[in-house]
There are 2 protein chains.
Amino acid sequence: MILGAAPPPLRWWGWGDRETEVPRGLLTLLCEEAGLPGGVTSHPVGLDDVQLPASSLAEALHGRLSDIAGAANVRVDPAERVRHAAGRNYLDLLALRAGRLAAAPDAVVCPGSPGEVAGVLRAASEAACAVVPFGGGTSVVGGVAPERGPLPSVIALDLRRLDTVIDVDVVARTATLQAGMRGPQAEHALQARGLTLGHFPQSFEYATIGGYAATRSAGQASTGYGRFDELARGLRLIAPAGEIAVAAVPASAAGPSLLQVVLGSEGALGVITEVTVRVHATPRRRRYAGWSLPDFESGTALLRELAQDRIAPDVARLSDADETRASLALAAGPAIDVARRYLGFRGHREPCLLVLGWEGDGAAIGTRERLAHPLLRRHGAIALGTAPGRAWLHGRFDGPYLRDALLDRGVLVETLETAAAWSRLAAVKAAVNGALQRSLRARGTPPLVGCHVSHVYSDGASLYFTVLGRQDPGHEVAQWTEAKRAATDALLGCGGTLTHHHGVGVDHAPWLEREDGATGISALRAVKARLDPDGIMNPGKLFC
Amino acid sequence: MILGAAPPPLRWWGWGDRETEVPRGLLTLLCEEAGLPGGVTSHPVGLDDVQLPASSLAEALHGRLSDIAGAANVRVDPAERVRHAAGRNYLDLLALRAGRLAAAPDAVVCPGSPGEVAGVLRAASEAACAVVPFGGGTSVVGGVAPERGPLPSVIALDLRRLDTVIDVDVVARTATLQAGMRGPQAEHALQARGLTLGHFPQSFEYATIGGYAATRSAGQASTGYGRFDELARGLRLIAPAGEIAVAAVPASAAGPSLLQVVLGSEGALGVITEVTVRVHATPRRRRYAGWSLPDFESGTALLRELAQDRIAPDVARLSDADETRASLALAAGPAIDVARRYLGFRGHREPCLLVLGWEGDGAAIGTRERLAHPLLRRHGAIALGTAPGRAWLHGRFDGPYLRDALLDRGVLVETLETAAAWSRLAAVKAAVNGALQRSLRARGTPPLVGCHVSHVYSDGASLYFTVLGRQDPGHEVAQWTEAKRAATDALLGCGGTLTHHHGVGVDHAPWLEREDGATGISALRAVKARLDPDGIMNPGKLFC
């Protein structure tokens, strides 16, 4: 990944722009435990072979949009429509690879300024055309699904031309960035000034600043740098009914937080065109190290104490025994065998891998790491040195590439996540795991379910589940939909939140009322009705 | 102050329950620089002599409220109405002391359960009676002013009977507290379990958990423990149209934050009946120490670097030269004279006092303090030892008591506050100071204006101004209203927020649209209209 370079487009049917092989060890594990045949069973169709409905964009609206954004920035060609027809969850990828799209935007519009965004929304409102704000297109919850609701047409509003730095305040350490900047572009611009945003979700290479804000994104280092809803201090939202500009201030008691109404609004209230974020000095040093924990409970107790003693590192990832086993399978080789035997000898028969990362200047890193050592020892951690940390850092954005290769081999591969209080974490984990296992085993497709904690807070932590299994041919959608539904019911039933960082989109929308309550949803819908009276903004998502 | 003891009621005309004398040194300063005559010029009238409008509570509503909350909990006697007729800002105190109340609640209702709160709101909605939620009654922005808007009557809804601990989760370190608990009650209950909320606003002795939430309160140690809007993780709001229960989760990406809509809602959306807060282990040790800085700019640069390097202490208070001078006058004595000469000799001719406080276990405190030392040296700080820190800790809640004694002597005494980016802090400070000076000098009442930073963030800090001057007899209201207006225009004009922690209430309401914009206000009003369709909740405050 080259910071600042124009990122290569996402493959229209998958991720990134490079081929990945499934590591042999992981393939063996899947064959042995999930009954995977092992060979390549499917390939994506060619772009020309994708079936999608014809564009229903009215000619008058096409003309008006062209007048606003320029004819070259209003695209109705199939290739561009396909590229904006889906996000990147498992079912999106199955549909794309098969070339069968139930829906696609009738046009893709790329405005070049906030004024053009406002113009597009005006035109769309008047023509009763739905608008799907589109950043990196990396949503894994259907956040960019081209839903039109009851309206006759829908456009994707792609923000890629809004990609400049508006302002950097080096004294206050804030930066105002346009919403269409992708992660690497933003980092490149900031690092030239000795600064970093420190926000690295797995989708970093493609996701945008506006997308981070619209979905309350969390990055891999958010334990240290803060979630995006903590980094964001101000923003600009262009809604059909007007504009909300939240000026960046360090803190305020001036009533309810408009900022926190717009963050997480997922395009349902309007289009976020810029965000003012807190930034940090580029760390002079990074130290990432690995430990083995004897079990998951020791690991979570350790992380809890680190967080509650306010000495949590910047990155903290604790894998459960199953995920650790899969990670070791991924990295299989003689060195891993030696390590595994050594850990077994030390009593870690089902080790849980912990990666901790500190970033900052050398002295501060040393001090912070030393404060953590007594806790690590107390919870039975065995130091594995910096190799696992470096390996994790090196591969931190690789998951979605590997997924494409797994799909070639007929693997069901998906993730889901939540967060819960420390006191409920074990129950949530067990319930979700049980629900997934029961649902998928009932079909004769026993899954491998790995879980890790990736974000820690004083009062709780996130849980991130990875599910790997054999696809049920001809029933892929039902197979996953049922398992996902069971897992979601399970986590909500145990006090987990509907989503820690993936967002709501289409997929989680049916459960949002369980999280927010009927009166809460009604209050949010009132905001929606005021800002988007014609209901054109991202129908079908969130509370719409 | 005794933790847990039933707090003595606020004196109906002032603060607390004890007499305070104006220290001689301060009195001298006020006589010399503000032209104060010096003697006692006024006393509060007797409670029986207070003039207030007769109660206009309809008999039917009185009966219905009595049915809901019990007759003893529906009070219409003048004493109780007076006690709920005003908050505690300068103009409130002038009105109370003079016994001239333009308005008072027609009744004071004390529901004993959330169900009774809901019942009271239903009855009030049906009878078109305004409801002012009332916690500690310590608002300094008119947050509990008994405004009725266009409605025929208004009641104060006093939450003092909702004062129990609902739950403490010692593993997740969260506590669910009823809204009517006062600061000392909450601390007492938590400290019995080895925990602390760590929230100490100057109003701590009287303010309530619900009030903290409704106003986005900040406490003196919020730099370390977090503002109340960071401590709050969940809450329950009873609105006329229904109830919003936000379950406590560590973090969530499930759409806009309902929690952050209710926090800061100042009773305009409904009544907060309980809050789930993050709590912390009671610190084993506290170390508070003082430093002298050569000037305010060095001090703010130091605080900025501490915050941006993530080594800010739990308490950080930097006084400007004028406030330091007043503080030294307050503490006048031979030791102070020696210190002043020593500092002058070291080049600090107009010293700025800095108090830093660390709380936690001994080792962590030592480590954190050591990390700060190189920065202190670099910015020319001279260590003053722990005496100034202890003195500040000892007197941290004394301000409002002293105010009563100053009012006896005809002093204009008021505070106002804001927060701004580090890059704008000096400009905001100069503008506010200039506006206050110009406005009050134009009347021939030159003020002493002190300023301190009390909360630091990576991107900026709060500024807290104290104004002392001679009252303009017969024109006290206009004198302060004009000065306050000038100061507010000035701080907004330079990028400060309308309020960092005092809230909006009646006083700041005219400026809220400058902060939130017309579309933003309209979105918040839509929430209000949905939750409180009859507009009974706290009229005249915030955006109503």
# chains A, B, ... in the order shown; residues from 1 in each chain; ligands from 1

$ select_by_dssp --residues "region 378-458 of chain B" --states "alpha helix (DSSP H)" --output "ChimeraX atom specification"
/B:378,387-394,399-408,422-441

$ write_last_selection --atoms "C-alpha atoms" --output "tab-separated table (two decimals), in the first residue's frame"
chain	number	residue	atom	x	y	z
B	378	ARG	CA	11.11	23.63	29.44
B	387	ALA	CA	0.96	23.63	49.69
B	388	PRO	CA	-0.84	25.42	46.81
B	389	GLY	CA	-2.26	22.11	45.67
B	390	ARG	CA	-3.53	21.25	49.15
B	391	ALA	CA	-4.94	24.74	49.54
B	392	TRP	CA	-6.79	24.44	46.25
B	393	LEU	CA	-8.15	21.00	47.16
B	394	HIS	CA	-9.28	22.31	50.54
B	399	GLY	CA	-16.45	29.85	45.66
B	400	PRO	CA	-20.24	30.00	45.99
B	401	TYR	CA	-20.04	30.54	49.77
B	402	LEU	CA	-17.68	33.47	49.28
B	403	ARG	CA	-20.03	34.89	46.70
B	404	ASP	CA	-22.76	35.36	49.30
B	405	ALA	CA	-20.36	37.32	51.49
B	406	LEU	CA	-19.30	39.45	48.52
B	407	LEU	CA	-22.91	40.22	47.69
B	408	ASP	CA	-23.38	41.50	51.24
B	422	TRP	CA	-5.44	25.88	21.44
B	423	SER	CA	-4.78	28.01	18.38
B	424	ARG	CA	-7.62	30.38	19.31
B	425	LEU	CA	-7.32	30.40	23.08
B	426	ALA	CA	-5.32	33.59	23.42
B	427	ALA	CA	-7.64	35.45	21.05
B	428	VAL	CA	-10.76	34.28	22.86
B	429	LYS	CA	-9.29	35.24	26.23
B	430	ALA	CA	-8.29	38.69	25.05
B	431	ALA	CA	-11.64	39.30	23.37
B	432	VAL	CA	-13.70	38.30	26.41
B	433	ASN	CA	-11.52	40.24	28.78
B	434	GLY	CA	-11.67	43.29	26.54
B	435	ALA	CA	-15.45	43.07	26.17
B	436	LEU	CA	-15.99	42.82	29.92
B	437	GLN	CA	-13.60	45.63	30.68
B	438	ARG	CA	-15.08	47.95	28.06
B	439	SER	CA	-18.65	47.28	29.07
B	440	LEU	CA	-18.12	47.73	32.79
B	441	ARG	CA	-15.69	50.62	32.57

$ interface_residues --of "chain A" --to "chain B" --cutoff "6 Å" --atoms "only C-alpha atoms" --output "PyMOL selection string"
chain A and resi 171-173+216+242+244+249-250+252-257+260-261+263-265+420-423+459-460+499-501+503-504+519-520+523+526-527

$ select_by_dssp --residues "region 364-453 of chain A" --states "strand (DSSP E)" --output "VMD selection string"
chain A and resid 382 to 385 411 to 421 448 to 453

$ write_last_selection --atoms "N, CA and C atoms" --output "PDB file, in the first residue's frame"
ATOM      1  N   ILE A 382       2.792 -15.524  28.511  1.00  0.00           N
ATOM      2  CA  ILE A 382       4.153 -15.904  28.109  1.00  0.00           C
ATOM      3  C   ILE A 382       4.540 -15.034  26.911  1.00  0.00           C
ATOM      4  N   ALA A 383       5.671 -14.351  27.065  1.00  0.00           N
ATOM      5  CA  ALA A 383       6.103 -13.428  26.005  1.00  0.00           C
ATOM      6  C   ALA A 383       6.532 -14.195  24.772  1.00  0.00           C
ATOM      7  N   LEU A 384       6.082 -13.758  23.626  1.00  0.00           N
ATOM      8  CA  LEU A 384       6.444 -14.402  22.356  1.00  0.00           C
ATOM      9  C   LEU A 384       7.332 -13.491  21.517  1.00  0.00           C
ATOM     10  N   GLY A 385       7.746 -12.356  22.075  1.00  0.00           N
ATOM     11  CA  GLY A 385       8.613 -11.453  21.327  1.00  0.00           C
ATOM     12  C   GLY A 385       7.841 -10.616  20.320  1.00  0.00           C
ATOM     13  N   VAL A 411     -15.914 -21.438   0.182  1.00  0.00           N
ATOM     14  CA  VAL A 411     -15.955 -21.252   1.631  1.00  0.00           C
ATOM     15  C   VAL A 411     -16.992 -20.190   1.994  1.00  0.00           C
ATOM     16  N   LEU A 412     -17.789 -20.484   2.979  1.00  0.00           N
ATOM     17  CA  LEU A 412     -18.609 -19.460   3.626  1.00  0.00           C
ATOM     18  C   LEU A 412     -17.641 -18.692   4.530  1.00  0.00           C
ATOM     19  N   VAL A 413     -17.500 -17.394   4.306  1.00  0.00           N
ATOM     20  CA  VAL A 413     -16.544 -16.623   5.121  1.00  0.00           C
ATOM     21  C   VAL A 413     -17.177 -15.274   5.437  1.00  0.00           C
ATOM     22  N   GLU A 414     -17.406 -15.022   6.694  1.00  0.00           N
ATOM     23  CA  GLU A 414     -18.028 -13.767   7.096  1.00  0.00           C
ATOM     24  C   GLU A 414     -17.616 -13.414   8.527  1.00  0.00           C
ATOM     25  N   THR A 415     -17.811 -12.155   8.869  1.00  0.00           N
ATOM     26  CA  THR A 415     -17.487 -11.704  10.216  1.00  0.00           C
ATOM     27  C   THR A 415     -18.702 -10.980  10.790  1.00  0.00           C
ATOM     28  N   LEU A 416     -18.760 -10.922  12.104  1.00  0.00           N
ATOM     29  CA  LEU A 416     -19.751 -10.075  12.756  1.00  0.00           C
ATOM     30  C   LEU A 416     -19.165  -9.643  14.086  1.00  0.00           C
ATOM     31  N   GLU A 417     -19.749  -8.599  14.664  1.00  0.00           N
ATOM     32  CA  GLU A 417     -19.092  -8.013  15.843  1.00  0.00           C
ATOM     33  C   GLU A 417     -20.094  -7.351  16.761  1.00  0.00           C
ATOM     34  N   THR A 418     -19.681  -7.135  17.973  1.00  0.00           N
ATOM     35  CA  THR A 418     -20.506  -6.475  18.970  1.00  0.00           C
ATOM     36  C   THR A 418     -19.564  -5.904  20.038  1.00  0.00           C
ATOM     37  N   ALA A 419     -20.141  -5.316  21.060  1.00  0.00           N
ATOM     38  CA  ALA A 419     -19.375  -4.902  22.238  1.00  0.00           C
ATOM     39  C   ALA A 419     -20.285  -5.107  23.430  1.00  0.00           C
ATOM     40  N   ALA A 420     -19.679  -5.379  24.563  1.00  0.00           N
ATOM     41  CA  ALA A 420     -20.484  -5.612  25.768  1.00  0.00           C
ATOM     42  C   ALA A 420     -19.654  -5.278  26.999  1.00  0.00           C
ATOM     43  N   ALA A 421     -20.362  -5.124  28.101  1.00  0.00           N
ATOM     44  CA  ALA A 421     -19.690  -4.886  29.380  1.00  0.00           C
ATOM     45  C   ALA A 421     -18.785  -6.069  29.707  1.00  0.00           C
ATOM     46  N   LEU A 448     -16.019 -23.262  11.527  1.00  0.00           N
ATOM     47  CA  LEU A 448     -14.981 -22.824  12.460  1.00  0.00           C
ATOM     48  C   LEU A 448     -15.348 -21.403  12.852  1.00  0.00           C
ATOM     49  N   VAL A 449     -15.451 -21.136  14.138  1.00  0.00           N
ATOM     50  CA  VAL A 449     -15.781 -19.788  14.599  1.00  0.00           C
ATOM     51  C   VAL A 449     -14.644 -19.290  15.482  1.00  0.00           C
ATOM     52  N   GLY A 450     -13.975 -18.287  15.009  1.00  0.00           N
ATOM     53  CA  GLY A 450     -12.929 -17.663  15.825  1.00  0.00           C
ATOM     54  C   GLY A 450     -13.443 -16.347  16.370  1.00  0.00           C
ATOM     55  N   CYS A 451     -12.868 -15.928  17.479  1.00  0.00           N
ATOM     56  CA  CYS A 451     -13.330 -14.680  18.089  1.00  0.00           C
ATOM     57  C   CYS A 451     -12.131 -13.931  18.651  1.00  0.00           C
ATOM     58  N   HIS A 452     -12.160 -12.619  18.516  1.00  0.00           N
ATOM     59  CA  HIS A 452     -11.142 -11.838  19.214  1.00  0.00           C
ATOM     60  C   HIS A 452     -11.716 -10.546  19.773  1.00  0.00           C
ATOM     61  N   VAL A 453     -11.053 -10.072  20.802  1.00  0.00           N
ATOM     62  CA  VAL A 453     -11.288  -8.725  21.327  1.00  0.00           C
ATOM     63  C   VAL A 453     -10.344  -7.803  20.585  1.00  0.00           C
TER      64      VAL A 453
END

$ residues_around --residues "Val165 (chain B)" --least-positions-apart "6" --cutoff "7 Å" --atoms "only C-alpha atoms" --output "ChimeraX atom specification"
/B:176-178

$ residues_around --residues "Glu116 (chain B)" --least-positions-apart "2" --cutoff "10 Å" --atoms "only C-alpha atoms" --output "list in words"
Leu65, Asp67, Ile68, Ala69, Gly70, Cys110, Pro111, Gly112, Ser113, Pro114, Ala118, Gly119, Val120, Leu121 and Arg122 of chain B

$ write_last_selection --atoms "N, CA, C and O atoms" --output "JSON list (two decimals), in the first residue's frame"
[["chain", "number", "residue", "atom", "x", "y", "z"],
["B", 65, "LEU", "N", -52.33, 15.56, 40.75],
["B", 65, "LEU", "CA", -50.92, 15.40, 41.13],
["B", 65, "LEU", "C", -50.81, 14.75, 42.50],
["B", 65, "LEU", "O", -49.93, 13.91, 42.75],
["B", 67, "ASP", "N", -52.95, 12.69, 43.78],
["B", 67, "ASP", "CA", -53.27, 11.27, 43.60],
["B", 67, "ASP", "C", -52.04, 10.50, 43.11],
["B", 67, "ASP", "O", -51.82, 9.36, 43.48],
["B", 68, "ILE", "N", -51.27, 11.13, 42.27],
["B", 68, "ILE", "CA", -50.12, 10.44, 41.67],
["B", 68, "ILE", "C", -48.96, 10.34, 42.67],
["B", 68, "ILE", "O", -48.40, 9.27, 42.88],
["B", 69, "ALA", "N", -48.59, 11.46, 43.26],
["B", 69, "ALA", "CA", -47.36, 11.50, 44.06],
["B", 69, "ALA", "C", -47.63, 11.53, 45.56],
["B", 69, "ALA", "O", -46.69, 11.46, 46.36],
["B", 70, "GLY", "N", -48.87, 11.64, 45.96],
["B", 70, "GLY", "CA", -49.18, 11.78, 47.38],
["B", 70, "GLY", "C", -49.29, 13.26, 47.73],
["B", 70, "GLY", "O", -48.49, 14.08, 47.27],
["B", 110, "CYS", "N", -42.86, 16.31, 44.04],
["B", 110, "CYS", "CA", -41.73, 15.41, 44.28],
["B", 110, "CYS", "C", -42.17, 13.97, 44.07],
["B", 110, "CYS", "O", -42.54, 13.27, 45.02],
["B", 111, "PRO", "N", -42.13, 13.47, 42.84],
["B", 111, "PRO", "CA", -42.53, 12.09, 42.57],
["B", 111, "PRO", "C", -41.54, 11.12, 43.22],
["B", 111, "PRO", "O", -40.36, 11.44, 43.39],
["B", 112, "GLY", "N", -42.04, 9.94, 43.58],
["B", 112, "GLY", "CA", -41.21, 8.97, 44.30],
["B", 112, "GLY", "C", -40.73, 7.81, 43.45],
["B", 112, "GLY", "O", -40.02, 6.95, 43.96],
["B", 113, "SER", "N", -41.08, 7.80, 42.18],
["B", 113, "SER", "CA", -40.66, 6.69, 41.30],
["B", 113, "SER", "C", -40.75, 7.15, 39.86],
["B", 113, "SER", "O", -41.45, 8.13, 39.56],
["B", 114, "PRO", "N", -40.06, 6.45, 38.95],
["B", 114, "PRO", "CA", -40.18, 6.79, 37.53],
["B", 114, "PRO", "C", -41.64, 6.72, 37.07],
["B", 114, "PRO", "O", -42.07, 7.54, 36.26],
["B", 118, "ALA", "N", -43.74, 9.69, 35.19],
["B", 118, "ALA", "CA", -44.55, 9.55, 33.97],
["B", 118, "ALA", "C", -45.97, 10.03, 34.21],
["B", 118, "ALA", "O", -46.56, 10.72, 33.37],
["B", 119, "GLY", "N", -46.50, 9.69, 35.37],
["B", 119, "GLY", "CA", -47.86, 10.12, 35.71],
["B", 119, "GLY", "C", -47.96, 11.64, 35.78],
["B", 119, "GLY", "O", -48.91, 12.25, 35.27],
["B", 120, "VAL", "N", -46.98, 12.27, 36.42],
["B", 120, "VAL", "CA", -46.98, 13.73, 36.53],
["B", 120, "VAL", "C", -46.93, 14.36, 35.14],
["B", 120, "VAL", "O", -47.66, 15.33, 34.85],
["B", 121, "LEU", "N", -46.10, 13.81, 34.26],
["B", 121, "LEU", "CA", -46.00, 14.39, 32.91],
["B", 121, "LEU", "C", -47.31, 14.22, 32.14],
["B", 121, "LEU", "O", -47.72, 15.12, 31.40],
["B", 122, "ARG", "N", -47.95, 13.08, 32.34],
["B", 122, "ARG", "CA", -49.24, 12.87, 31.67],
["B", 122, "ARG", "C", -50.25, 13.90, 32.16],
["B", 122, "ARG", "O", -50.93, 14.55, 31.36]]

$ atom_distance --atom1 "CA of Ala186 (chain B)" --atom2 "CA of Ile209 (chain B)"
8.0 Å

$ closest_residue --among "A:Ala104, A:Ile155, A:Leu375, A:Ala339" --to "Ser125 (chain A)" --atoms "only C-alpha atoms"
A:Ile155

$ residues_around --residues "Ala316 (chain A)" --least-positions-apart "2" --cutoff "7 Å" --atoms "only C-alpha atoms" --output "VMD selection string"
chain A and resid 313 to 314 318 355 to 357 454 to 455

$ write_last_selection --atoms "N, CA and C atoms" --output "compact mmCIF listing (two decimals), in the first residue's frame"
# COMPACT_ATOMS: atom_id res chain seq x y z
N PRO A 313 -2.60 -0.39 26.06
CA PRO A 313 -1.76 0.01 24.92
C PRO A 313 -2.63 0.58 23.81
N ASP A 314 -2.01 0.98 22.72
CA ASP A 314 -2.77 1.59 21.61
C ASP A 314 -3.52 0.54 20.81
N LEU A 318 -6.88 -9.76 21.39
CA LEU A 318 -6.80 -11.05 22.06
C LEU A 318 -7.65 -12.05 21.29
N VAL A 355 -1.86 -9.74 20.96
CA VAL A 355 -0.94 -8.77 20.38
C VAL A 355 -1.20 -7.42 21.04
N LEU A 356 -0.15 -6.84 21.59
CA LEU A 356 -0.25 -5.50 22.16
C LEU A 356 0.67 -4.58 21.37
N GLY A 357 0.19 -3.39 21.10
CA GLY A 357 1.00 -2.44 20.34
C GLY A 357 1.05 -1.09 21.03
N SER A 454 -10.88 -6.72 20.04
CA SER A 454 -9.98 -5.81 19.32
C SER A 454 -10.01 -4.38 19.85
N HIS A 455 -10.97 -4.06 20.73
CA HIS A 455 -11.05 -2.70 21.27
C HIS A 455 -11.42 -2.81 22.73

$ residues_around --residues "region 87-99 of chain A" --least-positions-apart "6" --cutoff "6 Å" --atoms "only C-alpha atoms" --output "short mmCIF file (atom, residue, chain, number, x, y, z; two decimals) with C-alpha atoms, in the first residue's frame"
data_model
loop_
_atom_site.label_atom_id
_atom_site.label_comp_id
_atom_site.auth_asym_id
_atom_site.auth_seq_id
_atom_site.Cartn_x
_atom_site.Cartn_y
_atom_site.Cartn_z
CA TRP A 13 -16.36 -8.42 -7.70
CA PRO A 44 -16.35 -14.55 -10.79
CA VAL A 45 -18.12 -14.01 -14.09
CA VAL A 50 -23.25 -9.27 -15.13
CA GLN A 51 -27.03 -9.08 -15.34
CA GLY A 137 -18.13 1.17 -1.03
CA THR A 138 -16.69 -1.10 1.66
CA SER A 139 -19.80 -1.47 3.83
CA VAL A 140 -20.34 -5.01 5.09
CA GLY A 142 -25.59 -3.24 3.07
CA VAL A 144 -24.58 1.26 0.10
CA GLU A 414 -18.03 -13.77 7.10
#

$ atom_distance --atom1 "CA of Ile166 (chain B)" --atom2 "CA of Val271 (chain B)"
17.1 Å

$ decode --residues "region 100-111 of chain B" --atoms "N, CA and C atoms" --output "PDB file, in the first residue's frame"
ATOM      1  N   ARG B 100     -37.644  39.827  45.633  1.00  0.00           N
ATOM      2  CA  ARG B 100     -38.526  40.220  44.530  1.00  0.00           C
ATOM      3  C   ARG B 100     -38.433  39.183  43.415  1.00  0.00           C
ATOM      4  N   LEU B 101     -39.393  38.269  43.397  1.00  0.00           N
ATOM      5  CA  LEU B 101     -39.391  37.214  42.393  1.00  0.00           C
ATOM      6  C   LEU B 101     -40.479  37.481  41.369  1.00  0.00           C
ATOM      7  N   ALA B 102     -40.049  37.659  40.119  1.00  0.00           N
ATOM      8  CA  ALA B 102     -41.024  37.923  39.065  1.00  0.00           C
ATOM      9  C   ALA B 102     -41.884  36.690  38.810  1.00  0.00           C
ATOM     10  N   ALA B 103     -41.331  35.525  39.091  1.00  0.00           N
ATOM     11  CA  ALA B 103     -42.074  34.290  38.820  1.00  0.00           C
ATOM     12  C   ALA B 103     -41.677  33.244  39.842  1.00  0.00           C
ATOM     13  N   ALA B 104     -42.570  32.306  40.031  1.00  0.00           N
ATOM     14  CA  ALA B 104     -42.286  31.145  40.888  1.00  0.00           C
ATOM     15  C   ALA B 104     -43.141  30.000  40.383  1.00  0.00           C
ATOM     16  N   PRO B 105     -42.705  28.766  40.635  1.00  0.00           N
ATOM     17  CA  PRO B 105     -43.560  27.649  40.223  1.00  0.00           C
ATOM     18  C   PRO B 105     -44.866  27.684  41.007  1.00  0.00           C
ATOM     19  N   ASP B 106     -45.943  27.266  40.365  1.00  0.00           N
ATOM     20  CA  ASP B 106     -47.240  27.257  41.036  1.00  0.00           C
ATOM     21  C   ASP B 106     -47.323  26.123  42.050  1.00  0.00           C
ATOM     22  N   ALA B 107     -46.509  25.109  41.855  1.00  0.00           N
ATOM     23  CA  ALA B 107     -46.414  24.028  42.831  1.00  0.00           C
ATOM     24  C   ALA B 107     -45.074  23.336  42.657  1.00  0.00           C
ATOM     25  N   VAL B 108     -44.670  22.635  43.706  1.00  0.00           N
ATOM     26  CA  VAL B 108     -43.469  21.817  43.651  1.00  0.00           C
ATOM     27  C   VAL B 108     -43.918  20.378  43.872  1.00  0.00           C
ATOM     28  N   VAL B 109     -43.603  19.514  42.896  1.00  0.00           N
ATOM     29  CA  VAL B 109     -44.047  18.122  42.971  1.00  0.00           C
ATOM     30  C   VAL B 109     -42.817  17.232  43.096  1.00  0.00           C
ATOM     31  N   CYS B 110     -42.859  16.313  44.044  1.00  0.00           N
ATOM     32  CA  CYS B 110     -41.733  15.407  44.284  1.00  0.00           C
ATOM     33  C   CYS B 110     -42.172  13.968  44.069  1.00  0.00           C
ATOM     34  N   PRO B 111     -42.128  13.472  42.835  1.00  0.00           N
ATOM     35  CA  PRO B 111     -42.530  12.092  42.574  1.00  0.00           C
ATOM     36  C   PRO B 111     -41.542  11.123  43.221  1.00  0.00           C
TER      37      PRO B 111
END
